[in-house]
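Pasted below: target_7.cif, mmCIF, C-alpha atoms and all ligand atoms.
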data_structure
#
loop_
_atom_site.label_atom_id
_atom_site.label_comp_id
_atom_site.auth_asym_id
_atom_site.auth_seq_id
_atom_site.Cartn_x
_atom_site.Cartn_y
_atom_site.Cartn_z
CA MET A 887 -4.54 -25.21 -61.90
CA ARG A 888 -5.54 -22.09 -60.05
CA ILE A 889 -9.21 -21.02 -60.07
CA TYR A 890 -10.56 -17.49 -59.61
CA ALA A 891 -14.20 -17.28 -58.47
CA THR A 892 -16.53 -15.44 -56.11
CA THR A 893 -20.08 -16.00 -54.84
CA ALA A 894 -21.51 -12.61 -55.88
CA HIS A 895 -23.13 -14.34 -58.85
CA HIS A 896 -25.79 -15.80 -56.50
CA GLY A 897 -27.52 -12.40 -56.56
CA HIS A 898 -27.89 -12.44 -60.35
CA HIS A 899 -30.65 -14.44 -62.04
CA SER A 900 -32.44 -12.32 -64.61
CA LEU A 901 -35.41 -12.79 -66.88
CA GLU A 902 -35.14 -14.00 -70.47
CA LEU A 903 -37.61 -13.80 -73.34
CA ASP A 904 -37.71 -17.41 -74.59
CA GLN A 905 -40.29 -18.82 -77.00
CA GLY A 906 -42.47 -15.78 -76.40
CA GLU A 907 -42.47 -16.07 -72.61
CA LEU A 908 -40.49 -14.31 -69.91
CA ILE A 909 -38.75 -17.06 -67.94
CA GLN A 910 -36.03 -17.21 -65.29
CA SER A 911 -32.92 -17.36 -67.46
CA TRP A 912 -31.27 -20.62 -68.48
CA GLU A 913 -28.13 -18.81 -67.28
CA SER A 914 -28.72 -19.61 -63.60
CA PRO A 915 -26.74 -19.48 -60.32
CA ALA A 916 -26.92 -23.29 -60.18
CA ARG A 917 -24.59 -23.44 -63.20
CA ALA A 918 -21.64 -22.00 -61.30
CA ASP A 919 -22.51 -24.00 -58.18
CA ILE A 920 -22.44 -27.22 -60.22
CA VAL A 921 -19.03 -26.34 -61.67
CA ASP A 922 -17.66 -25.34 -58.24
CA ALA A 923 -18.86 -28.63 -56.72
CA GLU A 924 -17.23 -30.66 -59.50
CA LEU A 925 -13.97 -28.71 -59.18
CA ALA A 926 -13.89 -29.44 -55.44
CA ALA A 927 -14.75 -33.11 -55.95
CA ARG A 928 -11.91 -33.55 -58.43
CA GLY A 929 -9.20 -31.90 -56.36
CA PHE A 930 -9.04 -28.40 -57.82
CA ALA A 931 -8.42 -26.82 -54.41
CA ASP A 932 -6.48 -23.65 -55.29
CA VAL A 933 -9.53 -21.36 -55.46
CA ARG A 934 -8.76 -17.64 -55.00
CA GLN A 935 -10.61 -14.35 -54.72
CA PRO A 936 -9.71 -11.85 -57.45
CA GLY A 937 -8.40 -8.32 -56.80
CA ASP A 938 -10.25 -5.04 -57.29
CA LEU A 939 -11.90 -3.96 -60.53
CA ASP A 940 -9.42 -2.11 -62.76
CA ARG A 941 -11.67 0.46 -64.36
CA ALA A 942 -8.93 1.67 -66.74
CA LEU A 943 -8.44 -1.87 -68.07
CA ILE A 944 -12.22 -2.30 -68.54
CA GLU A 945 -12.32 0.95 -70.53
CA HIS A 946 -9.80 -0.44 -73.01
CA VAL A 947 -12.46 -3.04 -73.85
CA HIS A 948 -15.77 -1.22 -73.23
CA ALA A 949 -17.05 2.33 -73.73
CA SER A 950 -16.94 4.27 -70.46
CA ALA A 951 -20.54 5.47 -70.83
CA TYR A 952 -21.66 1.83 -71.33
CA VAL A 953 -19.97 0.74 -68.10
CA ASP A 954 -21.66 3.62 -66.24
CA PHE A 955 -24.96 2.58 -67.80
CA LEU A 956 -24.64 -1.04 -66.62
CA GLN A 957 -23.76 0.09 -63.12
CA THR A 958 -26.76 2.40 -62.74
CA ALA A 959 -29.41 0.85 -65.03
CA HIS A 960 -31.39 -1.11 -62.47
CA GLN A 961 -31.61 1.79 -60.02
CA ARG A 962 -32.75 4.09 -62.84
CA TRP A 963 -35.35 1.46 -63.87
CA VAL A 964 -36.77 1.44 -60.33
CA VAL A 965 -36.77 5.24 -59.98
CA ASP A 966 -38.50 5.47 -63.37
CA GLY A 967 -41.40 3.48 -61.89
CA ASN A 968 -41.18 0.24 -63.90
CA ALA A 969 -42.99 -2.67 -62.24
CA GLY A 970 -40.89 -5.60 -63.51
CA SER A 971 -38.05 -7.01 -61.40
CA CYS A 972 -35.57 -6.91 -64.27
CA ALA A 973 -34.72 -3.99 -66.52
CA MET A 974 -35.23 -4.65 -70.23
CA SER A 975 -36.17 -2.68 -73.31
CA ASN A 976 -39.02 -2.88 -75.78
CA GLY A 977 -37.32 -1.23 -78.74
CA TRP A 978 -33.99 -1.41 -80.58
CA PRO A 979 -32.34 0.69 -83.33
CA ALA A 980 -33.06 -1.42 -86.43
CA ARG A 981 -32.37 -0.92 -90.16
CA ARG A 982 -32.45 2.68 -91.39
CA MET A 983 -33.10 4.05 -87.87
CA ARG A 984 -30.73 6.47 -86.08
CA HIS A 985 -28.08 5.49 -83.54
CA ILE A 986 -28.54 8.60 -81.41
CA ARG A 987 -28.50 7.83 -77.69
CA PRO A 988 -31.98 8.47 -76.27
CA GLU A 989 -32.63 9.79 -72.76
CA GLY A 990 -34.97 7.51 -70.83
CA ILE A 991 -33.90 4.27 -69.15
CA VAL A 992 -36.15 1.97 -71.24
CA ALA A 993 -34.92 3.56 -74.47
CA GLN A 994 -31.28 3.40 -73.34
CA LEU A 995 -31.76 -0.29 -72.50
CA GLY A 996 -32.54 -0.72 -76.20
CA TYR A 997 -29.58 1.42 -77.24
CA TYR A 998 -27.16 -0.60 -75.08
CA SER A 999 -28.42 -4.13 -75.88
CA PHE A 1000 -29.00 -6.34 -78.91
CA ALA A 1001 -31.21 -9.17 -77.62
CA ALA A 1002 -34.16 -9.83 -75.31
CA ASP A 1003 -32.73 -13.04 -73.83
CA CYS A 1004 -30.97 -10.92 -71.25
CA SER A 1005 -32.04 -8.31 -68.68
CA ILE A 1006 -30.63 -6.49 -65.66
CA ALA A 1007 -31.67 -7.56 -62.15
CA ALA A 1008 -31.03 -5.64 -58.91
CA ASN A 1009 -27.77 -7.49 -58.19
CA THR A 1010 -26.59 -8.06 -61.75
CA TRP A 1011 -23.86 -5.41 -61.60
CA GLY A 1012 -22.20 -7.01 -58.56
CA ALA A 1013 -22.02 -10.36 -60.33
CA VAL A 1014 -20.78 -8.75 -63.55
CA VAL A 1015 -17.96 -6.95 -61.74
CA ASP A 1016 -16.83 -10.14 -60.01
CA ALA A 1017 -16.78 -12.11 -63.26
CA ALA A 1018 -14.63 -9.40 -64.86
CA ARG A 1019 -12.34 -9.31 -61.81
CA SER A 1020 -11.96 -13.11 -61.97
CA ALA A 1021 -10.97 -13.02 -65.65
CA ASP A 1022 -8.47 -10.23 -65.00
CA ALA A 1023 -6.95 -12.06 -62.01
CA ALA A 1024 -6.56 -15.29 -64.00
CA ALA A 1025 -4.85 -13.36 -66.81
CA GLN A 1026 -2.52 -11.60 -64.37
CA TYR A 1027 -1.58 -14.94 -62.81
CA VAL A 1028 -0.76 -16.42 -66.23
CA ALA A 1029 1.08 -13.25 -67.29
CA GLY A 1030 3.19 -13.70 -64.16
CA GLY A 1031 4.45 -17.05 -65.42
CA ALA A 1032 1.82 -19.65 -64.54
CA GLY A 1033 1.00 -22.07 -67.36
CA SER A 1034 -2.76 -21.86 -66.94
CA ALA A 1035 -5.67 -20.62 -64.84
CA PHE A 1036 -9.46 -20.94 -64.86
CA ALA A 1037 -11.71 -17.93 -64.37
CA ARG A 1038 -15.00 -19.43 -63.24
CA CYS A 1039 -17.02 -16.48 -64.52
CA ARG A 1040 -20.74 -15.96 -64.15
CA PRO A 1041 -22.37 -14.22 -65.93
CA PRO A 1042 -20.55 -15.16 -69.12
CA GLY A 1043 -19.07 -12.50 -71.39
CA HIS A 1044 -18.43 -13.38 -75.03
CA HIS A 1045 -21.65 -11.87 -76.45
CA ALA A 1046 -20.98 -8.47 -74.83
CA SER A 1047 -19.58 -5.99 -77.35
CA ARG A 1048 -17.84 -2.68 -76.73
CA ASP A 1049 -21.18 -1.09 -75.81
CA GLN A 1050 -24.00 -3.65 -75.96
CA PHE A 1051 -25.18 -6.46 -73.67
CA GLY A 1052 -27.10 -9.58 -74.73
CA GLY A 1053 -26.85 -13.36 -74.82
CA TYR A 1054 -26.59 -13.41 -70.99
CA CYS A 1055 -23.40 -11.27 -71.21
CA TYR A 1056 -22.65 -7.73 -69.91
CA LEU A 1057 -18.87 -7.22 -69.65
CA ASN A 1058 -16.67 -9.34 -71.92
CA ASN A 1059 -14.58 -11.38 -69.49
CA ALA A 1060 -12.46 -13.09 -72.18
CA ALA A 1061 -11.68 -9.77 -73.88
CA ILE A 1062 -10.68 -8.31 -70.52
CA ALA A 1063 -8.32 -11.26 -69.96
CA ALA A 1064 -6.84 -10.84 -73.45
CA GLU A 1065 -6.33 -7.11 -72.92
CA ARG A 1066 -4.63 -7.80 -69.58
CA LEU A 1067 -2.26 -10.29 -71.23
CA ARG A 1068 -1.40 -7.68 -73.88
CA GLN A 1069 -0.76 -4.96 -71.30
CA SER A 1070 1.38 -7.35 -69.27
CA GLY A 1071 3.78 -7.92 -72.14
CA ALA A 1072 2.41 -10.55 -74.53
CA GLY A 1073 2.95 -9.05 -78.00
CA ARG A 1074 0.29 -11.17 -79.66
CA VAL A 1075 -2.66 -12.90 -78.02
CA ALA A 1076 -5.36 -15.18 -79.45
CA VAL A 1077 -8.88 -15.75 -78.16
CA LEU A 1078 -10.20 -19.20 -79.07
CA ASP A 1079 -13.98 -19.35 -78.57
CA VAL A 1080 -15.33 -22.91 -78.34
CA ASP A 1081 -18.77 -21.98 -76.97
CA TYR A 1082 -21.67 -23.27 -79.09
CA HIS A 1083 -22.69 -19.68 -79.90
CA HIS A 1084 -20.62 -17.21 -81.90
CA GLY A 1085 -18.63 -14.80 -79.70
CA ASN A 1086 -19.98 -11.73 -81.44
CA GLY A 1087 -18.91 -9.41 -78.64
CA THR A 1088 -15.29 -10.54 -78.61
CA GLN A 1089 -15.16 -10.33 -82.40
CA ASP A 1090 -16.55 -6.78 -82.26
CA ILE A 1091 -14.04 -5.64 -79.63
CA PHE A 1092 -10.96 -6.84 -81.52
CA TYR A 1093 -12.19 -6.65 -85.14
CA HIS A 1094 -9.90 -3.73 -86.03
CA ARG A 1095 -6.89 -5.01 -84.07
CA GLY A 1096 -4.08 -7.24 -85.28
CA ASP A 1097 -2.52 -7.82 -81.86
CA VAL A 1098 -5.46 -9.88 -80.57
CA SER A 1099 -6.62 -12.58 -83.00
CA PHE A 1100 -10.09 -14.05 -82.60
CA CYS A 1101 -11.23 -17.51 -83.71
CA SER A 1102 -14.67 -19.01 -83.06
CA ILE A 1103 -16.16 -22.46 -83.70
CA HIS A 1104 -19.93 -22.16 -83.43
CA ALA A 1105 -23.39 -22.93 -84.76
CA ASP A 1106 -24.07 -21.14 -88.04
CA PRO A 1107 -25.71 -17.77 -87.28
CA LYS A 1108 -28.14 -18.42 -90.16
CA VAL A 1109 -29.85 -20.90 -87.83
CA GLU A 1110 -28.68 -19.94 -84.34
CA PHE A 1111 -28.30 -17.08 -81.86
CA PRO A 1112 -26.81 -14.43 -82.11
CA TYR A 1113 -28.20 -14.59 -85.69
CA PHE A 1114 -26.54 -11.44 -87.06
CA LEU A 1115 -22.77 -12.05 -86.78
CA GLY A 1116 -20.43 -15.04 -87.05
CA HIS A 1117 -20.31 -15.77 -90.79
CA ALA A 1118 -17.20 -17.25 -92.42
CA ASP A 1119 -16.45 -14.13 -94.49
CA GLU A 1120 -15.86 -11.92 -91.43
CA GLU A 1121 -12.05 -11.66 -91.44
CA GLY A 1122 -11.30 -8.37 -89.63
CA ILE A 1123 -10.74 -4.82 -90.87
CA ALA A 1124 -7.96 -2.21 -90.97
CA GLY A 1125 -5.12 -3.31 -88.66
CA GLY A 1126 -7.18 -6.38 -87.83
CA ALA A 1127 -7.54 -7.61 -91.42
CA GLY A 1128 -6.88 -11.34 -91.39
CA ALA A 1129 -7.00 -11.53 -87.58
CA ASN A 1130 -10.55 -12.94 -87.35
CA LEU A 1131 -11.55 -16.51 -88.20
CA ASN A 1132 -15.12 -17.84 -87.98
CA LEU A 1133 -15.86 -21.54 -88.42
CA PRO A 1134 -19.67 -21.87 -88.48
CA LEU A 1135 -21.04 -25.43 -88.35
CA PRO A 1136 -24.56 -26.81 -88.89
CA HIS A 1137 -27.03 -27.95 -86.25
CA GLY A 1138 -26.34 -31.59 -85.40
CA THR A 1139 -22.54 -31.29 -85.76
CA GLN A 1140 -20.78 -34.35 -84.28
CA SER A 1141 -17.35 -34.84 -82.72
CA ASP A 1142 -15.37 -35.58 -85.90
CA GLU A 1143 -16.44 -32.43 -87.72
CA TRP A 1144 -16.06 -30.34 -84.57
CA PHE A 1145 -12.51 -31.55 -83.93
CA ASP A 1146 -11.60 -30.92 -87.59
CA ALA A 1147 -12.59 -27.29 -86.97
CA LEU A 1148 -10.50 -27.27 -83.78
CA GLU A 1149 -7.45 -28.40 -85.80
CA THR A 1150 -8.03 -25.60 -88.30
CA SER A 1151 -8.36 -23.14 -85.40
CA LEU A 1152 -5.19 -24.15 -83.61
CA GLN A 1153 -3.11 -24.18 -86.80
CA TRP A 1154 -4.43 -20.69 -87.63
CA ILE A 1155 -3.63 -19.46 -84.10
CA GLU A 1156 -0.11 -20.81 -84.44
CA ARG A 1157 0.31 -18.95 -87.75
CA ARG A 1158 -0.95 -15.78 -86.06
CA GLY A 1159 2.03 -16.00 -83.71
CA ALA A 1160 0.06 -15.90 -80.47
CA GLU A 1161 2.24 -15.95 -77.37
CA ALA A 1162 -0.71 -16.64 -75.06
CA ILE A 1163 -4.24 -17.96 -75.58
CA VAL A 1164 -7.54 -17.09 -73.90
CA VAL A 1165 -10.09 -19.89 -74.25
CA SER A 1166 -13.72 -18.78 -74.16
CA LEU A 1167 -14.83 -22.04 -72.61
CA GLY A 1168 -18.47 -22.83 -73.26
CA VAL A 1169 -19.55 -26.46 -73.01
CA ASP A 1170 -22.99 -25.93 -74.57
CA THR A 1171 -21.70 -28.02 -77.50
CA PHE A 1172 -22.72 -31.03 -75.34
CA VAL A 1173 -25.25 -33.41 -76.90
CA ASP A 1174 -27.72 -33.01 -74.02
CA ASP A 1175 -27.43 -29.24 -73.61
CA PRO A 1176 -31.04 -28.00 -73.30
CA ILE A 1177 -30.71 -24.96 -75.60
CA SER A 1178 -28.10 -26.11 -78.14
CA GLN A 1179 -27.81 -28.52 -81.06
CA PHE A 1180 -24.29 -29.93 -81.37
CA ARG A 1181 -23.45 -33.50 -80.33
CA LEU A 1182 -20.24 -33.60 -78.32
CA GLY A 1183 -19.99 -36.24 -75.57
CA SER A 1184 -18.40 -35.82 -72.14
CA GLN A 1185 -15.17 -37.58 -73.26
CA ASP A 1186 -14.84 -35.06 -76.07
CA PHE A 1187 -14.25 -32.34 -73.49
CA THR A 1188 -11.29 -34.29 -72.08
CA ARG A 1189 -10.00 -34.63 -75.64
CA LEU A 1190 -10.42 -30.87 -76.14
CA GLY A 1191 -8.32 -30.16 -73.05
CA GLN A 1192 -5.63 -32.60 -74.19
CA ARG A 1193 -5.45 -31.03 -77.65
CA LEU A 1194 -5.26 -27.52 -76.17
CA ALA A 1195 -2.28 -28.60 -74.06
CA THR A 1196 -0.36 -29.51 -77.23
CA ALA A 1197 -0.60 -25.86 -78.34
CA ASP A 1198 2.06 -25.36 -75.66
CA ARG A 1199 1.10 -21.76 -74.84
CA PRO A 1200 0.13 -20.07 -71.55
CA MET A 1201 -3.63 -20.44 -71.38
CA VAL A 1202 -6.39 -18.54 -69.57
CA PHE A 1203 -9.66 -20.48 -69.46
CA VAL A 1204 -12.70 -18.23 -69.09
CA MET A 1205 -16.09 -19.85 -68.40
CA GLU A 1206 -18.82 -19.00 -70.92
CA GLY A 1207 -21.97 -21.07 -71.69
CA GLY A 1208 -23.18 -24.59 -70.90
CA TYR A 1209 -26.64 -25.25 -69.48
CA GLY A 1210 -28.67 -27.99 -67.83
CA ALA A 1211 -27.67 -30.14 -64.87
CA GLU A 1212 -24.63 -32.09 -63.56
CA PRO A 1213 -23.03 -32.96 -66.92
CA LEU A 1214 -22.19 -29.25 -67.13
CA GLY A 1215 -19.76 -29.66 -64.22
CA THR A 1216 -18.30 -32.88 -65.59
CA ASN A 1217 -17.80 -31.38 -69.04
CA MET A 1218 -16.25 -28.12 -67.85
CA VAL A 1219 -13.81 -29.85 -65.49
CA ASN A 1220 -13.02 -32.53 -68.10
CA VAL A 1221 -11.46 -29.78 -70.26
CA LEU A 1222 -9.24 -28.57 -67.40
CA ASP A 1223 -8.35 -32.15 -66.39
CA GLY A 1224 -7.53 -33.08 -69.97
CA PHE A 1225 -5.33 -30.00 -70.28
CA LEU A 1226 -3.35 -30.93 -67.16
CA SER A 1227 -2.98 -34.63 -67.97
C1 LIG B 1 -23.07 -17.39 -73.21
C2 LIG B 1 -24.15 -18.09 -73.99
O1 LIG B 1 -24.04 -19.29 -74.22
N1 LIG B 1 -25.21 -17.36 -74.37
C3 LIG B 1 -26.26 -17.96 -75.12
C4 LIG B 1 -27.43 -17.06 -75.30
C5 LIG B 1 -28.54 -17.75 -76.02
N2 LIG B 1 -29.79 -17.09 -75.85
C6 LIG B 1 -30.89 -17.55 -76.65
C7 LIG B 1 -31.35 -18.87 -76.16
C8 LIG B 1 -32.62 -19.34 -76.79
C9 LIG B 1 -32.99 -20.64 -76.14
N3 LIG B 1 -34.18 -21.23 -76.63
C10 LIG B 1 -34.26 -22.57 -76.11
C11 LIG B 1 -35.47 -23.29 -76.44
C12 LIG B 1 -35.36 -24.64 -75.76
N4 LIG B 1 -36.52 -25.43 -75.86
ZN ZN B 2 -23.22 -20.40 -75.70
#

Show the structure stored in the file as structure tokens.
Ligand code: SP5
Ligand code: ZN
Amino acid sequence: MRIYATTAHHGHHSLELDQGELIQSWESPARADIVDAELAARGFADVRQPGDLDRALIEHVHASAYVDFLQTAHQRWVVDGNAGSCAMSNGWPARRMRHIRPEGIVAQLGYYSFAADCSIAANTWGAVVDAARSADAAAQYVAGGAGSAFARCRPPGHHASRDQFGGYCYLNNAAIAAERLRQSGAGRVAVLDVDYHHGNGTQDIFYHRGDVSFCSIHADPKVEFPYFLGHADEEGIAGGAGANLNLPLPHGTQSDEWFDALETSLQWIERRGAEAIVVSLGVDTFVDDPISQFRLGSQDFTRLGQRLATADRPMVFVMEGGYGAEPLGTNMVNVLDGFLS
């Protein structure tokens, strides 16, 4: 299986508000290094650099002004005289407030984000661009006839909506891959999101579209981040009515219940007539993940890969969440290995 990855992510490690303290984010450079080391150790040697950023493709997924904002935010934060190393807001447009774009950088950080677990460091944009490029390249490779590819993206993308960052995500890598598959000729595409957290950004981007179906298996937003989207009654609107499926599960969910939801997902995707599948591959469903509360074991990730292979569709794997130490590498590569076996 071909891998697309770059090292620009090393420059990106932002601050996160966690339990009332600003900490170095759980979403760390070590995550990608651990995955890269495990890929190398297990013989995944076809690692490529992606091509240039296709700004027109990105603007099919994200608002142009939002992309400009991400690119310039940290510089504006510095020029504005803010002391902190990472740009983040202190106010957001809440219930009964106006959604009029304000002028200053701190206010715009609130306008263009939805969570304080995520901020913009000096080199964040470079990492964000390379993750998007990797997802696009993997999709192009699969659109060209390859059966599968892995975009080893960092930062992740599935929480990023059309015009808001949060949940460690800035540009939506999986949505970019799905859009590339569509533009390269796949009539119908599905995004299957197996990250522990709901892919609110991907849902938002495709909610009104019937050509890209979205299905997510995740911790119930009533008890888990991103808190305000991901309920079972969110089914899509307008041309996208019936093209969104959420399968929220309780804290403590074990393998049997999780794989029941996977069956439901794959049967639904088959009924949606998807010609190609993008997998938002988070492995934070692991029992020992430090910020999550599902109970999958390392062998379950092999089983996941094996079951995905039986869907018998071209598949673009896009790396999302998964935290903590070495098991992250084992679990991520187990999915790819299981798929190939
Ligand atoms: C891509 C992805 O997986 N994003 C997840 C974002 C979750 N952010 C909120 C995390 C809160 C973690 N609190 C952990 C407390 C551990 N003691
Ligand atoms: Zn996650």

Inset, instruction - Could you give me, as a list in words, the residues that sit within 9 Å of (-23.1, 5.4, -77.2) in the file's coordinates, counting all atoms listed in the file? - result: Ala949, Ala951, Tyr952, His985, Ile986, Arg987, Tyr997, Tyr998 and Asp1049 of chain A

Legend entry - Pick from A:Ser1166, A:Thr892, A:Ser1102, A:Gln1089 nearest to ligand LIG 1 (chain B), counting all atoms listed in the file: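 Distance minimum relative to ligand LIG 1 (chain B) lands on A:Ser1166.
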
The centre and edge lengths of an axis-aligned box containing all atoms of region 932-935 of chain A present in the file, extended by 8 Å on each side, are to be given in Å to one decimal, as AutoDock Vina command-line options.
--center_x -8.5 --center_y -19.0 --center_z -55.1 --size_x 20.1 --size_y 25.3 --size_z 16.7

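Take the candidates A:Glu1206, A:Asp1119, A:Asp922, A:Glu1143 and check each one against ligand ZN 2 (chain B) using only C-alpha atoms and all ligand atoms; the shortest distance goes to A:Glu1206.
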
Hey, which bits of chain A sit within 9 Å of ligand LIG 1 (chain B), and for each residue what's the closest pair of atoms and how far apart in Å (one decimal), counting all atoms listed in the file, rows by chain and increasing number, as a tab-separated table?
residue	atom	partner	partner_atom	distance
A:Glu902	CA	B:LIG1	N2	8.2
A:Leu903	CA	B:LIG1	C8	8.2
A:Asp904	CA	B:LIG1	N3	5.6
A:Gln905	CA	B:LIG1	N3	6.6
A:Ser911	CA	B:LIG1	N2	9.0
A:Trp912	CA	B:LIG1	C9	7.9
A:Glu913	CA	B:LIG1	N1	7.8
A:Ala1001	CA	B:LIG1	N2	8.2
A:Ala1002	CA	B:LIG1	C6	8.5
A:Asp1003	CA	B:LIG1	N2	5.4
A:Cys1004	CA	B:LIG1	N2	7.8
A:Pro1041	CA	B:LIG1	C1	8.0
A:Pro1042	CA	B:LIG1	C1	5.3
A:Gly1043	CA	B:LIG1	C1	6.6
A:His1044	CA	B:LIG1	C1	6.4
A:His1045	CA	B:LIG1	C1	6.6
A:Gly1052	CA	B:LIG1	C4	7.5
A:Gly1053	CA	B:LIG1	C4	3.8
A:Tyr1054	CA	B:LIG1	N1	5.4
A:Cys1055	CA	B:LIG1	C1	6.4
A:Asp1081	CA	B:LIG1	O1	6.5
A:Tyr1082	CA	B:LIG1	O1	6.7
A:His1083	CA	B:LIG1	O1	5.9
A:His1084	CA	B:LIG1	O1	8.7
A:Gly1085	CA	B:LIG1	C1	8.3
A:Glu1110	CA	B:LIG1	C6	8.4
A:Phe1111	CA	B:LIG1	C6	5.8
A:Pro1112	CA	B:LIG1	C5	7.1
A:Gly1168	CA	B:LIG1	O1	6.7
A:Val1169	CA	B:LIG1	O1	8.5
A:Asp1170	CA	B:LIG1	O1	6.7
A:Pro1176	CA	B:LIG1	C12	6.0
A:Ile1177	CA	B:LIG1	C10	4.3
A:Ser1178	CA	B:LIG1	C10	7.4
A:Met1205	CA	B:LIG1	C1	8.8
A:Glu1206	CA	B:LIG1	C1	5.1
A:Gly1207	CA	B:LIG1	O1	3.7
A:Gly1208	CA	B:LIG1	O1	6.3
A:Tyr1209	CA	B:LIG1	O1	8.0

Go ahead and save the picked residues with C-alpha atoms, as a PDB file, in the frame of the given file.
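Saved the output as part-v1.pdb:
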ATOM      1  CA  GLU A 902     -35.140 -14.000 -70.470  1.00  0.00           C
ATOM      2  CA  LEU A 903     -37.610 -13.800 -73.340  1.00  0.00           C
ATOM      3  CA  ASP A 904     -37.710 -17.410 -74.590  1.00  0.00           C
ATOM      4  CA  GLN A 905     -40.290 -18.820 -77.000  1.00  0.00           C
ATOM      5  CA  SER A 911     -32.920 -17.360 -67.460  1.00  0.00           C
ATOM      6  CA  TRP A 912     -31.270 -20.620 -68.480  1.00  0.00           C
ATOM      7  CA  GLU A 913     -28.130 -18.810 -67.280  1.00  0.00           C
ATOM      8  CA  ALA A1001     -31.210  -9.170 -77.620  1.00  0.00           C
ATOM      9  CA  ALA A1002     -34.160  -9.830 -75.310  1.00  0.00           C
ATOM     10  CA  ASP A1003     -32.730 -13.040 -73.830  1.00  0.00           C
ATOM     11  CA  CYS A1004     -30.970 -10.920 -71.250  1.00  0.00           C
ATOM     12  CA  PRO A1041     -22.370 -14.220 -65.930  1.00  0.00           C
ATOM     13  CA  PRO A1042     -20.550 -15.160 -69.120  1.00  0.00           C
ATOM     14  CA  GLY A1043     -19.070 -12.500 -71.390  1.00  0.00           C
ATOM     15  CA  HIS A1044     -18.430 -13.380 -75.030  1.00  0.00           C
ATOM     16  CA  HIS A1045     -21.650 -11.870 -76.450  1.00  0.00           C
ATOM     17  CA  GLY A1052     -27.100  -9.580 -74.730  1.00  0.00           C
ATOM     18  CA  GLY A1053     -26.850 -13.360 -74.820  1.00  0.00           C
ATOM     19  CA  TYR A1054     -26.590 -13.410 -70.990  1.00  0.00           C
ATOM     20  CA  CYS A1055     -23.400 -11.270 -71.210  1.00  0.00           C
ATOM     21  CA  ASP A1081     -18.770 -21.980 -76.970  1.00  0.00           C
ATOM     22  CA  TYR A1082     -21.670 -23.270 -79.090  1.00  0.00           C
ATOM     23  CA  HIS A1083     -22.690 -19.680 -79.900  1.00  0.00           C
ATOM     24  CA  HIS A1084     -20.620 -17.210 -81.900  1.00  0.00           C
ATOM     25  CA  GLY A1085     -18.630 -14.800 -79.700  1.00  0.00           C
ATOM     26  CA  GLU A1110     -28.680 -19.940 -84.340  1.00  0.00           C
ATOM     27  CA  PHE A1111     -28.300 -17.080 -81.860  1.00  0.00           C
ATOM     28  CA  PRO A1112     -26.810 -14.430 -82.110  1.00  0.00           C
ATOM     29  CA  GLY A1168     -18.470 -22.830 -73.260  1.00  0.00           C
ATOM     30  CA  VAL A1169     -19.550 -26.460 -73.010  1.00  0.00           C
ATOM     31  CA  ASP A1170     -22.990 -25.930 -74.570  1.00  0.00           C
ATOM     32  CA  PRO A1176     -31.040 -28.000 -73.300  1.00  0.00           C
ATOM     33  CA  ILE A1177     -30.710 -24.960 -75.600  1.00  0.00           C
ATOM     34  CA  SER A1178     -28.100 -26.110 -78.140  1.00  0.00           C
ATOM     35  CA  MET A1205     -16.090 -19.850 -68.400  1.00  0.00           C
ATOM     36  CA  GLU A1206     -18.820 -19.000 -70.920  1.00  0.00           C
ATOM     37  CA  GLY A1207     -21.970 -21.070 -71.690  1.00  0.00           C
ATOM     38  CA  GLY A1208     -23.180 -24.590 -70.900  1.00  0.00           C
ATOM     39  CA  TYR A1209     -26.640 -25.250 -69.480  1.00  0.00           C
TER      40      TYR A1209
END

Inset, instruction - Determine, counting only C-alpha atoms, which protein, DNA and RNA residues have an atom within 8 Å of an atom of Glu1121 (chain A); residues of the same chain fewer than 2 positions away are not included. Present the result as a ChimeraX atom specification. - result: /A:1118-1119,1123,1127-1132

Legend entry - Among listed residues A:Val1204, A:Ala993, A:Leu1152, A:Leu1078, nearest Ala891 (chain A) (using only C-alpha atoms): A:Val1204

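Proximity of A:Pro979, A:Ala1007, A:Asn1086, A:Ala1035 to ligand ZN 2 (chain B), computed with all atoms listed in the file, is greatest for A:Asn1086.
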
Inset, instruction - Just the residues within 9 Å of region 1133-1141 of chain A, please, counting only C-alpha atoms, with nothing from its chain fewer than 3 positions along; format it as JSON, numbers by chain. - result: {"A": [1084, 1101, 1102, 1103, 1104, 1105, 1106, 1107, 1109, 1110, 1116, 1117, 1118, 1144, 1145, 1146, 1147, 1150, 1151, 1171, 1173, 1178, 1179, 1180, 1181, 1182, 1183, 1186]}

Legend entry - Spatial neighbours of Arg928 (chain A), max dist 12 Å, all atoms listed in the file, sep filter under 3 positions, as a list in words: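 Everything that qualifies: Met887, Val921, Asp922, Ala923, Glu924, Leu925, Ala931, Asp932, Gly1215, Thr1216, Met1218, Val1219, Asn1220, Leu1222 and Asp1223 of chain A.
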
Inset, instruction - Mind checking which residues fall within 12 Å of Gly1159 (chain A), counting only C-alpha atoms, ignoring those fewer than 5 positions away in the same chain, and posting them as a list in words? - result: Ala1072, Gly1073, Arg1074, Val1075, Ala1076, Gly1096, Asp1097, Val1098, Ser1099, Ala1129, Leu1152, Gln1153, Trp1154, Ala1197 and Arg1199 of chain A

Inset, instruction - Kindly indicate which residue among A:Gln1069, A:Ser950, A:Thr1010, A:Gln994 lies nearest to Cys972 (chain A), using all atoms listed in the file for the distances. - result: A:Thr1010

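The interatomic distance for the pair CA of Leu939 (chain A) and CA of Ala1064 (chain A) works out to 15.5 Å.
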
Inset, instruction - For CA of Arg888 (chain A) and CA of Ala1021 (chain A), determine how far apart the two atoms are, in Å to one decimal place. - result: 12.0 Å
